[in-house]
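> Questions regarding the structure given below will be posed in turn.
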There are 4 protein chains.
Amino acid sequence: MATRKLKVGLLGSGRIGRVHAANLAAHPGVDFAWVADPMLDSALEVAALYGASATAEASMVLADPDLDALLICSPTPTHVGLIIEAANRGIAVLCEKPVDLDLDRARACREATAGSTAPIMMAFNRRFDPSFREVREAVEAGEIGALENLAIISRDPAPAPLGYLEVSGGIFKDQSIHDLDMARSFLPDIVEVTAHGSNLFDEGITVLGDYDSVQMTLRAASGALVSITNSRHCSSGYDQRLEAFGPKGMLEVANATDTLVRRSSAAGTSTAGAFQPFFLERYARAYAAELDYFVSCILEGRTPVPGLEDGIAALELAQAALVSARERRTVSLAEIRDGVAVAS
Amino acid sequence: MATRKLKVGLLGSGRIGRVHAANLAAHPGVDFAWVADPMLDSALEVAALYGASATAEASMVLADPDLDALLICSPTPTHVGLIIEAANRGIAVLCEKPVDLDLDRARACREATAGSTAPIMMAFNRRFDPSFREVREAVEAGEIGALENLAIISRDPAPAPLGYLEVSGGIFKDQSIHDLDMARSFLPDIVEVTAHGSNLFDEGITVLGDYDSVQMTLRAASGALVSITNSRHCSSGYDQRLEAFGPKGMLEVANATDTLVRRSSAAGTSTAGAFQPFFLERYARAYAAELDYFVSCILEGRTPVPGLEDGIAALELAQAALVSARERRTVSLAEIRDGVAVAS
Amino acid sequence: MATRKLKVGLLGSGRIGRVHAANLAAHPGVDFAWVADPMLDSALEVAALYGASATAEASMVLADPDLDALLICSPTPTHVGLIIEAANRGIAVLCEKPVDLDLDRARACREATAGSTAPIMMAFNRRFDPSFREVREAVEAGEIGALENLAIISRDPAPAPLGYLEVSGGIFKDQSIHDLDMARSFLPDIVEVTAHGSNLFDEGITVLGDYDSVQMTLRAASGALVSITNSRHCSSGYDQRLEAFGPKGMLEVANATDTLVRRSSAAGTSTAGAFQPFFLERYARAYAAELDYFVSCILEGRTPVPGLEDGIAALELAQAALVSARERRTVSLAEIRDGVAVAS
Amino acid sequence: MATRKLKVGLLGSGRIGRVHAANLAAHPGVDFAWVADPMLDSALEVAALYGASATAEASMVLADPDLDALLICSPTPTHVGLIIEAANRGIAVLCEKPVDLDLDRARACREATAGSTAPIMMAFNRRFDPSFREVREAVEAGEIGALENLAIISRDPAPAPLGYLEVSGGIFKDQSIHDLDMARSFLPDIVEVTAHGSNLFDEGITVLGDYDSVQMTLRAASGALVSITNSRHCSSGYDQRLEAFGPKGMLEVANATDTLVRRSSAAGTSTAGAFQPFFLERYARAYAAELDYFVSCILEGRTPVPGLEDGIAALELAQAALVSARERRTVSLAEIRDGVAVAS
C-alpha cells in the first residue's frame with residue numbers, strides 16, 4: 001500500500017523533543033522534515049541525526065505549505081500561540097502538556113481554534129502505556145464490575161532543578177496533571193477534588209511556595225473515589241503504579257524494572273532490580289504508541305483523544321487541587337468551571 | 001521459674017471472645033477461670049471446651065476476689081461500665097475496640113478510671129501482627145528515614161449483617177478505627193483528617209445512612225500524609241495492606257494467602273491464592289501476641305500500649321472523619337478535642 | 001460426640017520427638033500418656049511439660065496393655081525392632097523415616113509384621129504440607145494434564161553436625177529420602193534412578209565418604225522425568241520448592257518466609273524475608289496434619305498412607321541413587337528389588 | 001568520531017534472518033548491503049524494506065570485494081561451507097547455531113579456517129540477554145561464591161513443524177544446544193553429561209525417533225552440577241529460566257511477560273500475564289546486543305566470544321547428551337573428544 005508520508009515538524013529539541021525526534025525518524029508513515037529550536041545548535045544536532053532541516057524560528061516551520069503535522073515540545077508559555085497558529089493553518093497538532101498554566105488562556109485557545117478542523121491532540125503519554133491501557137480496557141469491558149476505587153501512585157526519582165520547578169506551575173500542574181488525566185481516562189466525570197500538600201524534604205521547593213509531596217482524593221459523579229499520591233523523589237527509582245478496584249476484582253499495574261534477575265542471600269530473598277530510572281525508560285513504548293496513534297488519526301480522519309478539551313479538563317483538576325490545598329477544603333469542579341474558585 | 005498464673009475472666013463468648021478463649025487456654029501463664037455471656041449456653045459451651053466456669057452474669061466474674069485480669073469482648077455499649085468497674089477493683093483490663101461509640105462517654109471512662117493503677121489495654125490487635133510490627137520497628141529504627149507517606153488499604157471480604165452494621169457506629173468507628181489506630185501507631189500526632197464516603201454497592205448500608213466505601217487523608221504534625229482506603233467488600237478476600245514511604249526506601253506489607261502454590265497456564269501465570277478470608281485467619285498470630293503482651297505487662301508491672309488514651313484518640317480520629325465526610329471539609333483534631341465539631 | 005481418646009506413647013524426646021510431643025498434647029483425640037528416652041532427664045522434661053509419664057525404657061511403654069499407638073522418634077537402628085514389637089502387640093505405629101538404613105532389614109521388618117493388622121505409618125511429613133498436598137491433589141484432579149516433569153529443590157540451611165552425619169546413612173538415605181518419597185507421592189511407579197554427587201564445600205563430609213550436593217533424575221513408568229536437587233547448605237534459609245509441569249499448566253510451591261514485608265530502596269526492590277529457617281518452622285503445620293491423619297486412620301479403621309511399604313520403596317530409591325552415584329550409571333529399580341545392585 | 005561503516009551481507013531471509021535484517025538496518029555502524037536467499041522473492045522483500053541489494057546466490061555476496069562481514073542465517077547444512085569460504089576471504093562471520101549437525105564436519109571447519117584471522121562468531125544469542133548476562137557477571141564477580149549448582153529450564157511454546165524437526169538434528173542439537181552453551185558460559189569445563197529423553201505428548205516426534213522432553217545433568221571439572229530441563233511445549237508461553245546457586249546466595253532469571261498488570265479476583269490473586277510468546281520477543285534485546293558486540297569486535301580487532309570453538313564445544317555436549325540418552329549411561333566429554341562414543 002502506497003500511503004503518502006505525513007510531513008511533520010518538531011518544535012523544541014530538548015529532552016522530550018528528542019524522544020519524539022527518534023520516534024518520528026523511526027515511523028514508516030512520517031517524513032520528519034523540520035526541527036525548530038531557538039537554541040539553533042540543539043536543533044542542528046537533532047536535525048543532523050535524522051536528516052531533517054533545522055531552524056531557530058518556529059514560524060519557518062509553520063510557514064511550510066506542505067506541513068501536515070506539528071509536534072509542540074517547546075516551553076509551556078508558547079503552547080497556546082503555536083496551537084492556534086497551527087490549527088488555523090490546518091496543521092494537525094500534538095502538544096506536550098499542559099495547554100497552559102493559566103486556565104483562562106487555555107480556554108481562550110479553545111475558542112480561538114473552534115473554527116478549525118485540524119486535529120489537536122494533547123500528549124498525555126501515559127494513556128498509551130500498554131499496561132495502563134490494558135487495565136483501562138479491562139475496566140471498560142466490565143472485568144471488575146463498576147469501578148469503585150482507583151489508586152494512583154506516582155513518584156519522580158528526584159526533583160527537577162529549581163530553575164525548572166520555578167516556571168513549572170507547581171507540582172499539581174506539572175507532575176500531578178499526568179495522574180489527574182489518568183484518573184479522567186478511567187472516570188471522565190470527576191466532580192470534586194480534595195488535595196493536601198506537604199513540604200517534607202526539599203527546602204528549595206518550600207521557598208518557591210510549592211509542595212514536594214501531595215495527596216489527593218477525587219470523587220467521580222458515580223461516587224467512585226480516586227486516591228492520587230505524588231512525591232518529587234523516590235529512592236528506588238520512578239514509582240508508577242495504579243490499582244483499579246471493583247466488585248468483581250482488582251487490576252494492578254506494578255512497577256517496571258530493567259532486569260528479570262531476582263537475588264537471594266542471607267540479606268533477603270527475591271530482590272528485584274530498581275524501578276526503571278525515569279519516564280524516558282518507563283514510557284518509551286508509550287511515546288512510540290502515542291505518535292503512531294496521532295499519525296493514524298490524521299491519516300484516517302479520526303479525532304484524537306486526549307484532545308484539547310481533555311487538556312483543559314486536566315488543567316481544571318489541577319487548578320481545583322491547588323485551590324483545595326491552599327484553602328484546606330474540598331473544591332467542586334463546578335466552582336472551577338464557573339470561575340468561582342481561584343488560587344494564585 | 002515458678003511464676004504464678006494470672007486468673008483471667010472472659011466477658012463475651014461470641015466470635016471474637018472465642019478467639020481469646022482459645023488463646024487464654026493455650027497461654028502457660030494464664031489460669032482461664034471464667035466465661036460470662038448473657039447467652040448462657042454459649043458461655044457454657046466455651047467454658048466446657050477449656051475447663052473454665054460459665055456464668056450469664058459479668059458481675060459474678062468481677063466479684064471474684066482473686067481475679068487478676070478481664071478480657072472484655074461484650075457488646076460496645078457495655079465496655080465503659082465494665083472497664084470502670086474492673087479498674088476500680090484493681091483488675092487489669094483488655095478491652096475490644098471501641099471504648100464506646102460516644103466520645104463523651106469514652107472521656108468519662110478516662111476520668112472515672114484516673115484513680116486506678118490497674119492496667120487498661122485496648123485490643124487493637126493489628127498492632128501485634130508480626131509484619132506490621134516489623135515495618136513500624138524498621139521505621140522507628142530509621143531504615144527509610146523520616147516517614148513521609150503512609151498508605152493503608154483495608155477491605156473486608158463482605159459486609160457484616162445489617163443488624164450488626166446498624167449498631168456498629170458506622171464504618172469510621174467500626175472498620176476504619178483499626179486503620180486510624182494503625183496510622184497513630186506510626187504517627188501519634190495526627191492533626192487533621194479529611195474523609196470521603198461513598199455508597200457504591202450496598203443499598204442496605206445506604207438506608208442506614210452509612211457509607212460502604214471511604215477514603216481518608218490524615219496529616220501528621222510533621223507534615224507526613226496518610227492515605228486510608230476502606231471498603232466493606234473485596235472479591236479476593238480480606239485485603240490488608242500497608243506501605244510506608246520515606247527518603248531512603250519503602251516498606252510494604254503484602255496480603256497473606258493460605259498457600260505457597262503458584263499456578264501458571266494459558267490463562268495467566270504465577271497466580272497466587274486468595275487473600276486469607278478474614279481477620280480470624282489473618283490476625284491469628286496477632287491475637288496470640290496481643291494476649292501474651294498483655295499478660296507480660298501485668299506480670300512485669302509495665303503500662304500496656306495501646307491503652308485507654310489510645311482508644312480515645314482513635315475514636316477522636318473516627319469522629320473527625322465522620323464530621324469531615326458529612327460536612328465535606330477538613331477537620332482539625334483540635335476541633336474534636338475542644339468539642340467544636342460534632343456530627344450526629 | 002464422645003469419641004474415646006487414643007492412648008499414645010512417644011519414643012524419643014529429641015528435636016523431632018518434641019515436635020510430636022507438642023502436637024500430641026494439643027490433639028483433642030489423644031491421651032498423651034508416655035515419653036520414653038534412654039536419656040531419662042530429657043524424657044522427664046518433656047513429660048512434665050505435658051503431663052505424661054516418663055521412662056528410660058521403651059519396653060515399659062510397649063508393655064502398657066492399654067496403649068493404642070506409638071510414635072517412634074528414636075534413633076534409626078531401633079526402628080525395625082520397635083515396629084515389629086508394636087505391630088505384634090496390635091499397637092498402631094507412626095515411625096520417623098527411614099525404616100532402616102539397610103534394605104534387607106527393612107524388608108525383614110515387612111515380613112515380620114505381615115501378620116499384624118496394626119496400622120504402620122511412615123512419618124514422611126512433607127506429604128502433609130498443605131501446599132505440596134494442594135499441588136498433588138490438583139495434579140490428580142487433572143488440572144495440568146498428565147504430569148510430564150516434576151522438579152524438587154530441597155536444601156538444608158546448613159549441614160548437621162558431623163557426628164550425626166556419620167550415622168545418617170548418607171545424604172541419599174538421610175536427606176534425599178524425603179524428596180524421593182515426594183516424587184513417589186506424585187509418580188508411585190519410578191522405574192529408574194540416576195544420581196550425581198559432589199563435594200563442593202564441606203571437607204568433613206568428604207572425609208565421611210558422603211556428598212554435600214546431589215542431583216538426581218528419576219524416570220517414571222509413564223516416561224515422566226523427575227529432577228531432584230539437594231544441598232546440605234543454603235544461605236537464604238531452608239529452600240523447599242517443587243514444580244509440577246504438564247501440558248495444561250504448571251504448579252509451583254514457592255518458599256515460605258516468616259513475614260509479609262517487602263523492602264524497596266536504592267539497593268533493590270520488593271525484597272522478601274529469608275526462607276523459613278528449617279523444618280521445624282516450615283513443616284509445623286505438616287507435622288500437626290500428619291498426626292491428625294494418623295489418629296483419624298486409627299479411629300476410622302483406615303490404612304494409613306504412607307505405610308511401611310512406602311518407607312521401603314523410598315529406601316529402595318535412595319539405595320538406587322547411591323549405587324548410581326558410585327557406579328556412574330543409571331540404575332533400574334528392578335535391579336534394586338532383585339538384589340542385583342549393591343553399593344556399600 | 002567518523003568511524004567507517006562496516007559493509008555487511010545477510011545470508012538467509014527467513015524468520016531469524018529478518019530479525020538480523022532489522023537490527024542491521026538500525027545499527028549506526030553498519031552498511032547493510034546484501035540479502036541473499038535462494039527464495040529470491042523473500043530476499044527482495046527484505047532488501048526493499050532496508051535498501052539493501054538482493055540476490056539468490058550467496059556466492060555473489062561473498063564475491064563482493066568490499067564486504068566486511070557476513071551473517072549466516074541459511075540452513076544448517078550450508079554453514080560449514082560458507083564459514084570456510086568467508087573466512088578464507090577474510091570476511092568476518094556471525095553464524096547461527098549449530099556449526100553443523102555432524103561433529104566431524106564441524107571439526108573440519110575448524111581446521112579449514114585455522115589459517116584465517118577473520119573473526120568467526122557463533123550466534124548463541126542468549127549469552128547477550130541482559131538478565132542472563134547480569135547473572136553471569138555477578139557469578140564471575142563472586143557475588144554468590146563458587147558456583148555449586150546451575151539450573152536451566154527452557155521450554156518452547158509448541159513444537160516446530162515436523163518438516164523442520166526432521167532435519168533439526170534432534171532436540172539436543174536443535175533446542176538443548178542453547179542451554180548447553182549457556183551452561184558452558186558459566187562453567188566452560190564440563191567433563192560429563194547424563195541425559196534422559198522421553199516421549200510424552202507428540203507422536204510425530206516419536207515417529208522421528210526424537211524426544212519431546214529431556215532432562216540433563218552436567219558435571220563441571222569443579223564438581224559443580226548443572227540441571228537442564230527442556231520441553232518442546234509449554235502452555236504458558238516461552239519458559240526461559242535460570243538459577244545459579246552458590247554458598248553466598250542464589251541468582252534467578254525469572255520469565256518475562258509483556259505486561260506489568262496483575263489481576264486479582266475470586267479466582268486467584270496477583271495473576272501475571274503469559275510468558276512472552278517465543279524467542280523473537282524474549283530475546284529481541286539479545287539479538288541487537290549480539291550484533292552490536294560482533295560489530296564492535298570487528299572494529300576494535302577483538303576476538304568475538306562465543307567463537308567457532310564454542311560452537312564445536314556446544315555440539316560436543318549435545319552429542320554426548322544424545323549418546324547418553326540412547327545408551328542410558330553417563331558420557332564423559334573425553335569420550336566424545338576422542339571419538340569413542342558415537343550415536344547415530
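Quick note on naming: the chains in the C-alpha cells go A, B, ... in the order shown, residues restart at 1 in each chain, and ligands are numbered from 1 in order of appearance.
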Could you work out which residues of chain D fall inside 7 Å of chain C? Count only C-alpha atoms, and format the result as a count of residues only.
14
> Let's see if you can do this: from backbone DSSP, list all strand (DSSP E or B) residues in segment 172-216 of chain B, as a PyMOL selection string.
chain B and resi 190-198+213-216
> Next, dump the selected residues to file, keeping only all heavy atoms, as an mmCIF file, in the first residue's frame.

```cif
data_model
loop_
_atom_site.group_PDB
_atom_site.id
_atom_site.type_symbol
_atom_site.label_atom_id
_atom_site.label_comp_id
_atom_site.auth_asym_id
_atom_site.auth_seq_id
_atom_site.Cartn_x
_atom_site.Cartn_y
_atom_site.Cartn_z
ATOM 1 N N ILE B 190 -1.465 13.031 64.870
ATOM 2 C CA ILE B 190 -2.289 13.395 63.712
ATOM 3 C C ILE B 190 -2.992 14.710 64.032
ATOM 4 O O ILE B 190 -3.610 14.841 65.084
ATOM 5 C CB ILE B 190 -3.341 12.311 63.417
ATOM 6 C CG1 ILE B 190 -2.665 10.961 63.143
ATOM 7 C CG2 ILE B 190 -4.251 12.731 62.250
ATOM 8 C CD1 ILE B 190 -1.825 10.898 61.903
ATOM 9 N N VAL B 191 -2.920 15.681 63.108
ATOM 10 C CA VAL B 191 -3.510 16.985 63.422
ATOM 11 C C VAL B 191 -4.771 17.301 62.630
ATOM 12 O O VAL B 191 -5.549 18.165 63.011
ATOM 13 C CB VAL B 191 -2.486 18.137 63.201
ATOM 14 C CG1 VAL B 191 -1.340 18.012 64.196
ATOM 15 C CG2 VAL B 191 -1.961 18.159 61.764
ATOM 16 N N GLU B 192 -4.979 16.610 61.506
ATOM 17 C CA GLU B 192 -6.229 16.849 60.792
ATOM 18 C C GLU B 192 -6.636 15.648 59.957
ATOM 19 O O GLU B 192 -5.801 14.825 59.567
ATOM 20 C CB GLU B 192 -6.142 18.117 59.918
ATOM 21 C CG GLU B 192 -5.221 17.973 58.745
ATOM 22 C CD GLU B 192 -5.217 19.217 57.841
ATOM 23 O OE1 GLU B 192 -5.223 20.341 58.361
ATOM 24 O OE2 GLU B 192 -5.171 19.019 56.611
ATOM 25 N N VAL B 193 -7.903 15.570 59.692
ATOM 26 C CA VAL B 193 -8.490 14.433 58.983
ATOM 27 C C VAL B 193 -9.415 14.962 57.900
ATOM 28 O O VAL B 193 -10.209 15.876 58.131
ATOM 29 C CB VAL B 193 -9.324 13.555 59.956
ATOM 30 C CG1 VAL B 193 -10.025 12.439 59.207
ATOM 31 C CG2 VAL B 193 -8.446 13.005 61.069
ATOM 32 N N THR B 194 -9.287 14.383 56.692
ATOM 33 C CA THR B 194 -10.257 14.645 55.638
ATOM 34 C C THR B 194 -10.798 13.303 55.183
ATOM 35 O O THR B 194 -10.009 12.400 54.873
ATOM 36 C CB THR B 194 -9.610 15.367 54.447
ATOM 37 O OG1 THR B 194 -8.775 16.413 54.928
ATOM 38 C CG2 THR B 194 -10.678 15.935 53.521
ATOM 39 N N ALA B 195 -12.102 13.161 55.168
ATOM 40 C CA ALA B 195 -12.693 11.859 54.831
ATOM 41 C C ALA B 195 -13.763 12.023 53.759
ATOM 42 O O ALA B 195 -14.446 13.050 53.698
ATOM 43 C CB ALA B 195 -13.288 11.208 56.074
ATOM 44 N N HIS B 196 -13.848 11.007 52.914
ATOM 45 C CA HIS B 196 -14.839 10.972 51.850
ATOM 46 C C HIS B 196 -15.534 9.627 51.908
ATOM 47 O O HIS B 196 -14.862 8.595 51.953
ATOM 48 C CB HIS B 196 -14.173 11.139 50.489
ATOM 49 C CG HIS B 196 -13.331 12.369 50.397
ATOM 50 N ND1 HIS B 196 -13.809 13.554 49.913
ATOM 51 C CD2 HIS B 196 -12.042 12.598 50.770
ATOM 52 C CE1 HIS B 196 -12.843 14.471 49.982
ATOM 53 N NE2 HIS B 196 -11.759 13.918 50.505
ATOM 54 N N GLY B 197 -16.852 9.661 51.900
ATOM 55 C CA GLY B 197 -17.604 8.414 51.907
ATOM 56 C C GLY B 197 -18.427 8.264 50.651
ATOM 57 O O GLY B 197 -18.845 9.266 50.048
ATOM 58 N N SER B 198 -18.647 7.041 50.238
ATOM 59 C CA SER B 198 -19.496 6.787 49.083
ATOM 60 C C SER B 198 -20.364 5.570 49.326
ATOM 61 O O SER B 198 -20.035 4.709 50.139
ATOM 62 C CB SER B 198 -18.644 6.553 47.820
ATOM 63 O OG SER B 198 -18.395 7.768 47.152
ATOM 64 N N SER B 213 -17.946 2.589 51.310
ATOM 65 C CA SER B 213 -16.579 2.820 50.816
ATOM 66 C C SER B 213 -16.114 4.178 51.314
ATOM 67 O O SER B 213 -16.857 5.159 51.166
ATOM 68 C CB SER B 213 -16.552 2.839 49.283
ATOM 69 O OG SER B 213 -17.155 1.677 48.749
ATOM 70 N N VAL B 214 -14.915 4.228 51.866
ATOM 71 C CA VAL B 214 -14.395 5.523 52.307
ATOM 72 C C VAL B 214 -12.921 5.676 51.951
ATOM 73 O O VAL B 214 -12.197 4.692 51.763
ATOM 74 C CB VAL B 214 -14.577 5.751 53.829
ATOM 75 C CG1 VAL B 214 -16.053 5.719 54.214
ATOM 76 C CG2 VAL B 214 -13.792 4.742 54.634
ATOM 77 N N GLN B 215 -12.539 6.920 51.849
ATOM 78 C CA GLN B 215 -11.153 7.288 51.553
ATOM 79 C C GLN B 215 -10.800 8.436 52.481
ATOM 80 O O GLN B 215 -11.548 9.423 52.550
ATOM 81 C CB GLN B 215 -11.078 7.733 50.074
ATOM 82 C CG GLN B 215 -9.739 8.226 49.610
ATOM 83 C CD GLN B 215 -8.785 7.078 49.327
ATOM 84 O OE1 GLN B 215 -9.200 6.052 48.795
ATOM 85 N NE2 GLN B 215 -7.539 7.237 49.693
ATOM 86 N N MET B 216 -9.704 8.302 53.200
ATOM 87 C CA MET B 216 -9.316 9.355 54.147
ATOM 88 C C MET B 216 -7.893 9.834 53.886
ATOM 89 O O MET B 216 -7.055 9.056 53.432
ATOM 90 C CB MET B 216 -9.353 8.811 55.581
ATOM 91 C CG MET B 216 -10.743 8.707 56.173
ATOM 92 S SD MET B 216 -10.716 7.573 57.599
ATOM 93 C CE MET B 216 -10.962 6.023 56.731
#
```
> For a quick check of understanding, using only C-alpha atoms, which of A:Ala254, A:Arg262, A:His79, A:Asp102 has the smallest distance to Val135 of chain A?
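Distance minimum relative to Val135 of chain A lands on A:Ala254.
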> Among segment 84-300 of chain A, which residues carry a DSSP assignment of alpha helix (DSSP H), reported as a ChimeraX atom specification?
/A:84-88,103-112,130-140,162-166,171,177-186,203-207,279-282,284-300
> Which neighbours of Lys173 of chain B fall inside 9 Å, counting only C-alpha atoms, when residues of the same chain fewer than 6 positions from it are skipped, and could you give them as number ranges by chain?
B: 98, 101, 314-315, 317-319, 322
> Go ahead and write the residues just picked, C-alpha atoms, as a PDB file, in the first residue's frame.

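The result, written out as out-v5.pdb:
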```pdb
ATOM      1  CA  PRO B  98     -14.020   0.788  70.526  1.00  0.00           C
ATOM      2  CA  LEU B 101     -19.259   4.975  70.155  1.00  0.00           C
ATOM      3  CA  ALA B 314      -8.598   6.574  67.697  1.00  0.00           C
ATOM      4  CA  LEU B 315     -12.212   7.411  68.438  1.00  0.00           C
ATOM      5  CA  LEU B 317      -9.973  10.399  64.610  1.00  0.00           C
ATOM      6  CA  ALA B 318     -13.043   8.393  63.657  1.00  0.00           C
ATOM      7  CA  GLN B 319     -15.253  11.221  64.889  1.00  0.00           C
ATOM      8  CA  LEU B 322     -17.324  11.377  60.282  1.00  0.00           C
TER       9      LEU B 322
END
```
